[in-house]
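Here is the file entry21.txt (compact mmCIF, C-alpha atoms).
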```txt
# COMPACT_ATOMS: atom_id res chain seq x y z
CA MET A 1162 62.09 -25.52 -115.10
CA SER A 1163 63.06 -21.90 -114.82
CA ASN A 1164 61.97 -19.21 -117.22
CA LYS A 1165 63.61 -19.73 -120.56
CA LEU A 1166 63.37 -18.02 -123.87
CA LEU A 1167 60.47 -19.50 -125.83
CA ARG A 1168 60.80 -20.02 -129.57
CA ILE A 1169 57.71 -18.96 -131.45
CA LEU A 1170 56.93 -19.54 -135.12
CA LEU A 1171 54.16 -17.53 -136.71
CA ALA A 1172 52.63 -18.40 -140.07
CA ASP A 1173 50.38 -15.65 -141.41
CA ASP A 1174 50.09 -14.16 -144.89
CA ASP A 1175 48.92 -10.76 -143.68
CA GLU A 1176 51.81 -8.41 -143.04
CA ASP A 1177 49.88 -6.17 -140.65
CA ASP A 1178 48.75 -9.15 -138.60
CA ARG A 1179 52.32 -10.40 -138.34
CA LEU A 1180 53.51 -7.02 -137.16
CA PHE A 1181 50.67 -6.69 -134.67
CA PHE A 1182 51.40 -10.15 -133.32
CA LYS A 1183 55.13 -9.48 -132.94
CA GLU A 1184 54.41 -6.28 -131.05
CA ALA A 1185 52.12 -8.18 -128.70
CA LEU A 1186 54.83 -10.76 -128.02
CA GLU A 1187 57.33 -8.04 -127.24
CA ALA A 1188 54.92 -6.47 -124.77
CA ILE A 1189 54.25 -9.54 -122.60
CA LYS A 1190 56.19 -10.80 -119.60
CA ILE A 1191 57.21 -14.09 -121.19
CA LYS A 1192 60.40 -13.73 -123.20
CA THR A 1193 60.26 -15.04 -126.74
CA ILE A 1194 62.16 -15.23 -130.02
CA VAL A 1195 59.83 -15.00 -133.00
CA THR A 1196 60.32 -16.29 -136.52
CA THR A 1197 57.66 -15.55 -139.11
CA VAL A 1198 56.75 -17.23 -142.39
CA ASN A 1199 54.28 -15.97 -144.95
CA ASP A 1200 52.28 -19.05 -145.87
CA GLY A 1201 51.83 -22.78 -145.39
CA ILE A 1202 54.41 -23.82 -147.98
CA GLU A 1203 57.06 -21.70 -146.28
CA LEU A 1204 56.03 -23.06 -142.89
CA MET A 1205 56.43 -26.69 -143.91
CA GLU A 1206 59.72 -25.98 -145.67
CA TYR A 1207 61.00 -24.34 -142.51
CA LEU A 1208 59.88 -27.19 -140.23
CA LEU A 1209 61.27 -29.88 -142.49
CA LEU A 1210 64.76 -28.41 -142.83
CA PRO A 1211 67.24 -31.08 -141.74
CA ASN A 1212 68.58 -29.01 -138.85
CA ALA A 1213 65.41 -27.10 -138.09
CA LEU A 1214 65.35 -25.50 -134.67
CA LEU A 1215 61.82 -26.51 -133.77
CA PRO A 1216 59.62 -23.91 -132.08
CA ASP A 1217 57.97 -24.32 -128.69
CA VAL A 1218 54.71 -23.04 -130.15
CA ILE A 1219 53.49 -22.51 -133.73
CA PHE A 1220 50.84 -19.85 -134.26
CA LEU A 1221 49.06 -20.81 -137.43
CA ASP A 1222 46.67 -18.69 -139.46
CA LEU A 1223 43.92 -20.79 -141.04
CA ASN A 1224 43.41 -18.75 -144.19
CA MET A 1225 46.60 -18.65 -146.22
CA PRO A 1226 47.32 -18.88 -149.94
CA ARG A 1227 49.11 -21.90 -151.49
CA LYS A 1228 48.69 -24.11 -148.43
CA ASP A 1229 46.19 -23.30 -145.70
CA GLY A 1230 46.48 -23.79 -141.97
CA MET A 1231 44.33 -26.91 -141.86
CA GLN A 1232 46.56 -28.70 -144.38
CA CYS A 1233 49.66 -27.69 -142.40
CA LEU A 1234 48.08 -28.94 -139.18
CA GLU A 1235 47.37 -32.34 -140.73
CA GLU A 1236 50.89 -32.61 -142.13
CA ILE A 1237 52.39 -31.69 -138.77
CA ARG A 1238 50.31 -34.27 -136.89
CA ASN A 1239 51.16 -36.97 -139.41
CA ASN A 1240 54.91 -36.38 -139.19
CA ASP A 1241 56.72 -38.22 -136.40
CA ALA A 1242 59.33 -35.52 -135.96
CA LEU A 1243 56.73 -32.76 -135.69
CA LYS A 1244 53.63 -34.32 -134.18
CA GLU A 1245 54.46 -33.32 -130.59
CA LEU A 1246 54.70 -29.62 -131.44
CA THR A 1247 52.21 -27.27 -129.85
CA VAL A 1248 50.00 -25.75 -132.53
CA ALA A 1249 47.88 -22.69 -131.82
CA ILE A 1250 45.38 -21.84 -134.52
CA TYR A 1251 45.06 -18.15 -135.05
CA SER A 1252 41.99 -17.26 -137.04
CA THR A 1253 39.40 -14.61 -137.78
CA SER A 1254 36.62 -17.20 -137.58
CA GLY A 1255 34.92 -17.79 -134.25
CA ALA A 1256 32.48 -20.36 -135.59
CA GLU A 1257 32.08 -23.29 -133.25
CA ARG A 1258 32.30 -25.78 -136.12
CA ASP A 1259 35.69 -24.44 -137.21
CA ILE A 1260 36.93 -24.56 -133.65
CA GLU A 1261 35.88 -28.18 -133.11
CA GLU A 1262 37.22 -29.22 -136.50
CA THR A 1263 40.70 -27.90 -135.73
CA PHE A 1264 40.77 -29.58 -132.31
CA ILE A 1265 39.74 -32.86 -133.89
CA LYS A 1266 42.59 -32.46 -136.39
CA GLY A 1267 44.99 -31.99 -133.48
CA ALA A 1268 45.21 -28.27 -132.71
CA ASN A 1269 46.08 -27.43 -129.10
CA VAL A 1270 44.89 -23.86 -128.95
CA TYR A 1271 42.28 -21.97 -130.91
CA ILE A 1272 42.57 -18.21 -130.83
CA LYS A 1273 40.01 -16.01 -132.43
CA LYS A 1274 42.06 -13.03 -133.61
CA PRO A 1275 41.20 -10.12 -131.36
CA ASN A 1276 41.07 -6.63 -132.77
CA ASP A 1277 42.58 -4.67 -129.98
CA PHE A 1278 46.10 -4.83 -128.74
CA SER A 1279 45.51 -5.53 -125.05
CA ALA A 1280 43.16 -8.42 -125.87
CA LEU A 1281 45.77 -9.87 -128.24
CA LYS A 1282 48.46 -9.61 -125.59
CA LYS A 1283 46.24 -11.43 -123.13
CA VAL A 1284 45.31 -14.36 -125.38
CA VAL A 1285 48.88 -14.86 -126.55
CA GLU A 1286 50.13 -14.82 -122.98
CA ASP A 1287 47.39 -17.23 -121.84
CA ALA A 1288 48.26 -19.65 -124.63
CA LEU A 1289 51.97 -19.59 -123.78
CA LYS A 1290 51.31 -20.02 -120.07
CA ILE A 1291 49.14 -23.08 -120.55
CA ASN A 1292 51.66 -24.54 -122.96
CA TRP A 1293 54.32 -23.95 -120.37
CA GLN A 1294 52.31 -25.76 -117.70
CA TYR A 1295 52.10 -28.79 -119.96
CA HIS A 1296 55.82 -28.56 -120.55
CA ILE A 1297 56.83 -28.46 -116.88
CA SER A 1298 54.48 -31.18 -115.76
CA GLY A 1299 55.42 -33.49 -118.62
CA THR A 1300 51.70 -34.08 -119.18
CA ASN A 1301 50.54 -35.79 -122.34
CA LYS A 1302 49.45 -33.08 -124.78
CA ASP A 1303 46.67 -35.18 -126.28
CA SER A 1304 44.14 -33.52 -123.99
CA PHE A 1305 45.67 -30.07 -124.48
CA MET A 1306 42.85 -28.00 -125.94
CA LEU A 1307 42.28 -24.37 -125.17
CA SER A 1308 39.81 -22.14 -126.90
CA ILE A 1309 40.30 -18.42 -126.32
CA MET B 1364 110.34 -35.81 -129.10
CA ASN B 1365 107.86 -33.09 -128.36
CA ILE B 1366 104.96 -31.89 -130.38
CA LEU B 1367 103.00 -28.76 -129.76
CA ILE B 1368 99.23 -28.79 -129.87
CA LYS B 1369 96.59 -26.18 -129.84
CA TYR B 1370 92.90 -26.65 -129.49
CA ASP B 1371 89.64 -24.83 -129.48
CA ILE B 1372 88.39 -25.31 -125.94
CA SER B 1373 84.74 -24.62 -126.69
CA LEU B 1374 84.77 -27.13 -129.55
CA THR B 1375 86.38 -29.71 -127.29
CA CYS B 1376 83.81 -29.18 -124.57
CA LYS B 1377 80.98 -29.35 -127.03
CA ALA B 1378 82.24 -32.68 -128.38
CA ILE B 1379 82.43 -34.11 -124.85
CA LEU B 1380 78.96 -32.83 -124.02
CA GLN B 1381 77.52 -34.35 -127.17
CA GLU B 1382 79.21 -37.68 -126.55
CA GLN B 1383 77.79 -37.89 -123.03
CA LEU B 1384 74.36 -36.53 -123.90
CA GLN B 1385 73.85 -39.01 -126.70
CA LYS B 1386 74.11 -41.82 -124.16
CA LEU B 1387 70.88 -40.59 -122.58
CA ASP B 1388 68.87 -41.10 -125.74
CA ILE B 1389 66.79 -37.99 -125.10
CA GLY B 1390 66.53 -35.11 -127.55
CA TYR B 1391 68.62 -32.11 -126.53
CA SER B 1392 70.14 -28.94 -127.83
CA ILE B 1393 73.15 -27.13 -126.50
CA ILE B 1394 72.45 -23.45 -126.06
CA GLY B 1395 75.53 -21.25 -126.14
CA LEU B 1396 78.35 -22.47 -123.92
CA ASN B 1397 76.69 -23.42 -120.68
CA GLU B 1398 73.09 -24.45 -121.10
CA ILE B 1399 71.51 -27.66 -122.28
CA GLU B 1400 67.88 -27.91 -123.15
CA PHE B 1401 66.11 -31.28 -123.15
CA THR B 1402 62.96 -32.12 -125.05
CA LYS B 1403 61.72 -34.12 -122.05
CA LEU B 1404 62.09 -33.84 -118.32
CA LEU B 1405 64.95 -35.93 -117.00
CA SER B 1406 64.25 -38.40 -114.23
CA THR B 1407 66.23 -38.08 -111.03
CA GLU B 1408 68.26 -41.17 -112.01
CA GLN B 1409 69.08 -39.77 -115.44
CA LEU B 1410 70.17 -36.50 -113.89
CA GLU B 1411 72.39 -38.34 -111.39
CA GLN B 1412 73.86 -40.43 -114.19
CA LEU B 1413 74.60 -37.34 -116.24
CA LYS B 1414 76.17 -35.66 -113.22
CA SER B 1415 78.56 -38.54 -112.62
CA ASN B 1416 79.39 -38.88 -116.34
CA PHE B 1417 80.18 -35.19 -116.53
CA GLU B 1418 82.21 -35.24 -113.34
CA LYS B 1419 85.22 -37.05 -114.78
CA TYR B 1420 85.63 -34.28 -117.33
CA GLY B 1421 85.39 -31.61 -114.66
CA ILE B 1422 81.97 -30.54 -115.94
CA GLU B 1423 79.56 -29.65 -113.19
CA ILE B 1424 75.79 -29.34 -113.29
CA ILE B 1425 74.88 -26.22 -111.41
CA ASP B 1426 72.27 -27.05 -108.83
CA ASN B 1427 70.13 -24.10 -108.27
CA GLN B 1428 68.51 -24.45 -104.86
CA LYS B 1429 65.57 -22.30 -105.74
CA ALA B 1430 64.91 -24.26 -108.91
CA ALA B 1431 65.15 -27.47 -106.91
CA LEU B 1432 62.54 -26.26 -104.44
CA VAL B 1433 60.25 -25.18 -107.26
CA GLN B 1434 60.53 -28.69 -108.69
CA LYS B 1435 59.57 -30.08 -105.29
CA ILE B 1436 56.53 -27.80 -105.18
CA ARG B 1437 55.55 -29.03 -108.63
CA ASP B 1438 56.00 -32.68 -107.67
CA THR B 1439 54.06 -32.25 -104.42
CA ILE B 1440 51.14 -30.64 -106.25
CA ILE B 1441 51.10 -33.34 -108.91
CA GLU B 1442 51.16 -36.03 -106.24
CA MET B 1443 48.41 -34.32 -104.26
CA VAL B 1444 46.13 -34.09 -107.29
CA TRP B 1445 46.81 -37.49 -108.86
CA LYS B 1446 47.83 -39.95 -106.17
CA ASP B 1447 44.58 -40.90 -104.44
CA ASP B 1448 41.09 -41.50 -105.76
CA VAL B 1449 39.77 -38.63 -103.74
CA LEU B 1450 41.83 -35.49 -103.25
CA PRO B 1451 42.94 -34.91 -99.65
CA ASN B 1452 40.46 -32.67 -97.94
CA VAL B 1453 42.93 -30.06 -96.71
CA THR B 1454 43.70 -26.50 -97.63
CA THR B 1455 46.49 -26.66 -100.16
CA SER B 1456 48.47 -23.88 -98.52
CA ALA B 1457 48.70 -25.86 -95.26
CA TYR B 1458 49.41 -29.08 -97.17
CA LEU B 1459 52.33 -27.60 -99.11
CA ALA B 1460 53.76 -25.74 -96.13
CA GLU B 1461 53.78 -28.91 -94.05
CA LYS B 1462 55.18 -31.19 -96.77
CA LEU B 1463 57.93 -28.80 -97.78
CA ASN B 1464 58.73 -27.23 -94.45
CA HIS B 1465 58.55 -23.63 -95.60
CA SER B 1466 55.90 -21.01 -95.06
CA TYR B 1467 53.27 -20.92 -97.78
CA GLY B 1468 54.04 -17.26 -98.40
CA TYR B 1469 57.65 -18.10 -99.20
CA LEU B 1470 56.72 -21.03 -101.47
CA SER B 1471 54.10 -19.03 -103.26
CA ASN B 1472 56.39 -16.07 -103.96
CA LEU B 1473 59.21 -18.33 -105.07
CA PHE B 1474 56.97 -20.26 -107.45
CA SER B 1475 55.67 -17.08 -109.06
CA GLU B 1476 59.17 -15.67 -109.32
CA ILE B 1477 60.74 -18.70 -111.01
CA THR B 1478 57.85 -19.90 -113.17
CA TYR B 1479 55.32 -18.30 -115.48
CA THR B 1480 52.44 -19.22 -113.24
CA THR B 1481 51.25 -19.23 -109.64
CA ILE B 1482 50.76 -22.16 -107.28
CA GLU B 1483 46.99 -21.60 -107.37
CA ASN B 1484 46.87 -21.69 -111.16
CA PHE B 1485 49.11 -24.72 -111.34
CA ILE B 1486 46.81 -26.62 -108.96
CA ILE B 1487 43.77 -25.65 -111.03
CA PHE B 1488 45.62 -26.74 -114.17
CA GLN B 1489 46.39 -30.17 -112.65
CA LYS B 1490 42.87 -30.65 -111.31
CA ILE B 1491 41.32 -29.83 -114.67
CA GLU B 1492 43.78 -32.19 -116.37
CA ARG B 1493 42.61 -34.93 -114.05
CA ALA B 1494 38.98 -34.00 -114.66
CA LYS B 1495 39.72 -34.33 -118.40
CA GLN B 1496 41.21 -37.80 -117.97
CA MET B 1497 38.17 -38.85 -115.96
CA THR B 1498 35.86 -37.35 -118.58
CA ILE B 1499 37.69 -39.20 -121.34
CA SER B 1500 37.42 -42.55 -119.58
CA GLU B 1501 33.62 -42.08 -119.54
CA ASN B 1502 33.33 -44.08 -116.32
CA PHE B 1503 32.56 -41.08 -114.18
CA THR B 1504 29.67 -38.67 -113.99
CA LEU B 1505 30.36 -34.99 -113.44
CA THR B 1506 28.97 -35.39 -109.94
CA GLU B 1507 31.53 -38.08 -109.17
CA ILE B 1508 34.35 -36.05 -110.71
CA SER B 1509 33.46 -32.95 -108.73
CA TYR B 1510 33.29 -35.00 -105.52
CA GLN B 1511 36.64 -36.74 -106.09
CA LEU B 1512 38.41 -33.52 -106.99
CA ASN B 1513 36.98 -31.62 -104.04
CA TYR B 1514 34.75 -29.20 -105.90
CA SER B 1515 31.85 -27.86 -103.88
CA SER B 1516 29.42 -28.51 -106.74
CA VAL B 1517 29.14 -29.65 -110.36
CA ALA B 1518 28.59 -26.02 -111.34
CA HIS B 1519 31.87 -25.03 -109.73
CA LEU B 1520 33.71 -27.77 -111.62
CA SER B 1521 32.02 -26.91 -114.92
CA ASN B 1522 32.83 -23.24 -114.52
CA GLN B 1523 36.46 -23.87 -113.77
CA PHE B 1524 36.68 -26.36 -116.64
CA LYS B 1525 35.21 -23.81 -119.04
CA LYS B 1526 37.40 -21.03 -117.71
CA THR B 1527 40.59 -23.10 -118.00
CA THR B 1528 39.97 -24.71 -121.39
CA GLY B 1529 37.37 -22.50 -123.08
CA LEU B 1530 35.27 -25.63 -123.58
CA THR B 1531 32.46 -27.21 -121.61
CA PRO B 1532 33.14 -30.72 -120.28
CA SER B 1533 30.64 -32.19 -122.75
CA ALA B 1534 32.17 -30.36 -125.75
CA PHE B 1535 35.59 -31.57 -124.63
CA GLN B 1536 34.34 -35.14 -124.39
CA ARG B 1537 32.72 -34.98 -127.83
CA ILE B 1538 35.87 -33.54 -129.45
CA ILE B 1539 38.27 -36.02 -127.89
CA LYS B 1540 36.04 -38.88 -129.00
CA LYS B 1541 36.01 -37.67 -132.60
CA LYS B 1542 39.72 -36.99 -132.44
CA ARG B 1543 40.38 -40.58 -131.47
CA GLU B 1544 38.02 -42.01 -134.06
CA ASN B 1545 39.71 -39.82 -136.62
CA ARG B 1546 43.13 -41.11 -135.67
CA ALA B 1547 41.98 -44.72 -135.58
CA ALA B 1548 40.63 -44.32 -139.10
CA LEU B 1549 44.04 -43.32 -140.46
```
Take the structure in this file and express it as structure tokens.
Amino acid sequence: MSNKLLRILLADDDEDDRLFFKEALEAIKIKTIVTTVNDGIELMEYLLLPNALLPDVIFLDLNMPRKDGMQCLEEIRNNDALKELTVAIYSTSGAERDIEETFIKGANVYIKKPNDFSALKKVVEDALKINWQYHISGTNKDSFMLSI
Amino acid sequence: MNILIKYDISLTCKAILQEQLQKLDIGYSIIGLNEIEFTKLLSTEQLEQLKSNFEKYGIEIIDNQKAALVQKIRDTIIEMVWKDDVLPNVTTSAYLAEKLNHSYGYLSNLFSEITYTTIENFIIFQKIERAKQMTISENFTLTEISYQLNYSSVAHLSNQFKKTTGLTPSAFQRIIKKKRENRAAL
């Protein structure tokens, strides 16, 4: 119930974006430990390790080489060990069709990548807060959809 | 005859913890030496069971009074929002203060201090969750939902829904429908 360290996993192929994101996490009130992977293949390998320490929230870039975010999302939702994980899509696209498509495929949060630091901090914090509210109330995450 | 033994106390404790925790059949991980994280919330009975199982090994669950009160605040809010068809028509601050026998100011500060949210936001979160469930069931109009959840108007409900989820109630309904069809097709 009390404030605990949240484990965050970020999958993004852009090094600058990863750095920017990590800085934002360090600057918010919620305390986190961040692990980053560079693409979808690495993400799935990480999640499927036999003793994987599963994250509280995955931030998933849609556009990645080798395996994109949408494929990862589908694999996560079709895997019994992973399907309850909170997945936040993190994308440059703000097109309504993309947003709906990811929710239909099981995303919990859709974040349109903001350009400035304070906006990024805010959306990341909002996403983690809502996730946390689901966690403490034990509410079914099926209806967990947040577009920011 | 005598034999001498030596043991690694932290390893011993960990083995005992694991043995007892596995009986619960709930996913857990042991963090460091003195914290256990569960993948689900434990029921009061499970917690009591664990307490008594631990007791014979001299392991004690530290009851944090503040945390316990925060859990009561959470439970009271959830009950208030979900229990009856129509939400009680009272100010929530008075409702919580009376149920929990503390001033609202105290409860509100405590909740903000221990959790990542405020009482107000947690109530909004629960109300919107209930609005979502009602939307999904398709048996209620927005007018009925706003009446049952004590919103002054449909516009007020729609605004709060949009603000909390980023989606309009109708977009939410459309998406959840497709999501279910999608899953059924698998």
At a cut-off of 9 Å, which residues of chain A touch chain B? Count all atoms listed in the file and give the answer as a list in words. Met1162, Ser1163, Asn1164, Lys1190, Ile1191, Glu1261, Glu1262, Phe1264, Ile1265, Lys1266, Gly1267, Lys1290, Ile1291, Trp1293, Gln1294, Tyr1295, His1296, Ile1297, Ser1298, Gly1299, Thr1300, Asp1303, Ser1304, Phe1305, Met1306, Leu1307, Ser1308 and Ile1309 of chain A
Contacts of stretch 1374-1387 of chain B at 12 Å or less, counting all atoms listed in the file, minus same-chain residues fewer than 6 places along, as a VMD selection string? chain B and resid 1393 to 1406 1408 to 1424
Around all of stretch 1285-1289 of chain A's listed atoms, make the axis-aligned box with 3 Å on each side and tell me centre and edge lengths in Å to one decimal, as JSON.
```
{"center_x": 49.7, "center_y": -17.2, "center_z": -124.2, "size_x": 10.6, "size_y": 10.8, "size_z": 10.7}
```
Got a sec: who's within 12 Å of B:Glu1507, counting only C-alpha atoms, leaving out chain neighbours fewer than 2 positions off, as a list in words?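 Neighbouring residues, sequence-local ones excluded: Asp1448, Val1449, Ala1494, Met1497, Thr1498, Glu1501, Asn1502, Phe1503, Thr1504, Leu1505, Ser1509, Tyr1510, Gln1511, Leu1512, Asn1513, Tyr1514, Ser1515, Ser1516, Val1517 and Leu1520 of chain B.
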Need the neighbours of (41.6, -24.9, -132.2): which residues are at most 7 Å away, counting only C-alpha atoms, as a VMD selection string? chain A and resid 1249 to 1250 1260 to 1261 1263 to 1264 1268 to 1272 1308
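Candidate residues A:Glu1245, A:Thr1197, A:Leu1221, A:Phe1181 were compared for distance to A:Cys1233, and the nearest is A:Leu1221, using all atoms listed in the file.
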What does the distance from atom CA of A:Thr1247 to atom CA of A:Leu1209 come to in Å, to one decimal?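 Atom CA of A:Thr1247 sits 15.8 Å away from atom CA of A:Leu1209.
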Of the candidates A:Leu1246, A:Val1285, A:Asp1277, A:Asn1301, which shows the shortest atom-to-atom distance to A:Leu1186, using all atoms listed in the file?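 With all atoms listed in the file as the atom set, the closest residue is A:Val1285.
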Min atom-atom distance to A:Pro1211 from the set A:Leu1223, A:Ile1194, A:Ala1242, A:Leu1180, counting only C-alpha atoms, belongs to A:Ala1242
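In this structure, atom CA of B:Tyr1469 sits 13.8 Å away from atom CA of B:Gln1428.
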For a cut-off of 12 Å around (55.0, -9.6, -129.2), file coordinates, pick out all residues using only C-alpha atoms and list them as a ChimeraX atom specification. /A:1167-1171,1178-1197,1278-1279,1281-1286,1289
Skipping near chain neighbours, those fewer than 2 positions away, what residues fall within 12 Å of A:Asp1200 using all atoms listed in the file, listed as a PyMOL selection string? chain A and resi 1170-1176+1179+1197-1198+1202-1207+1220-1233
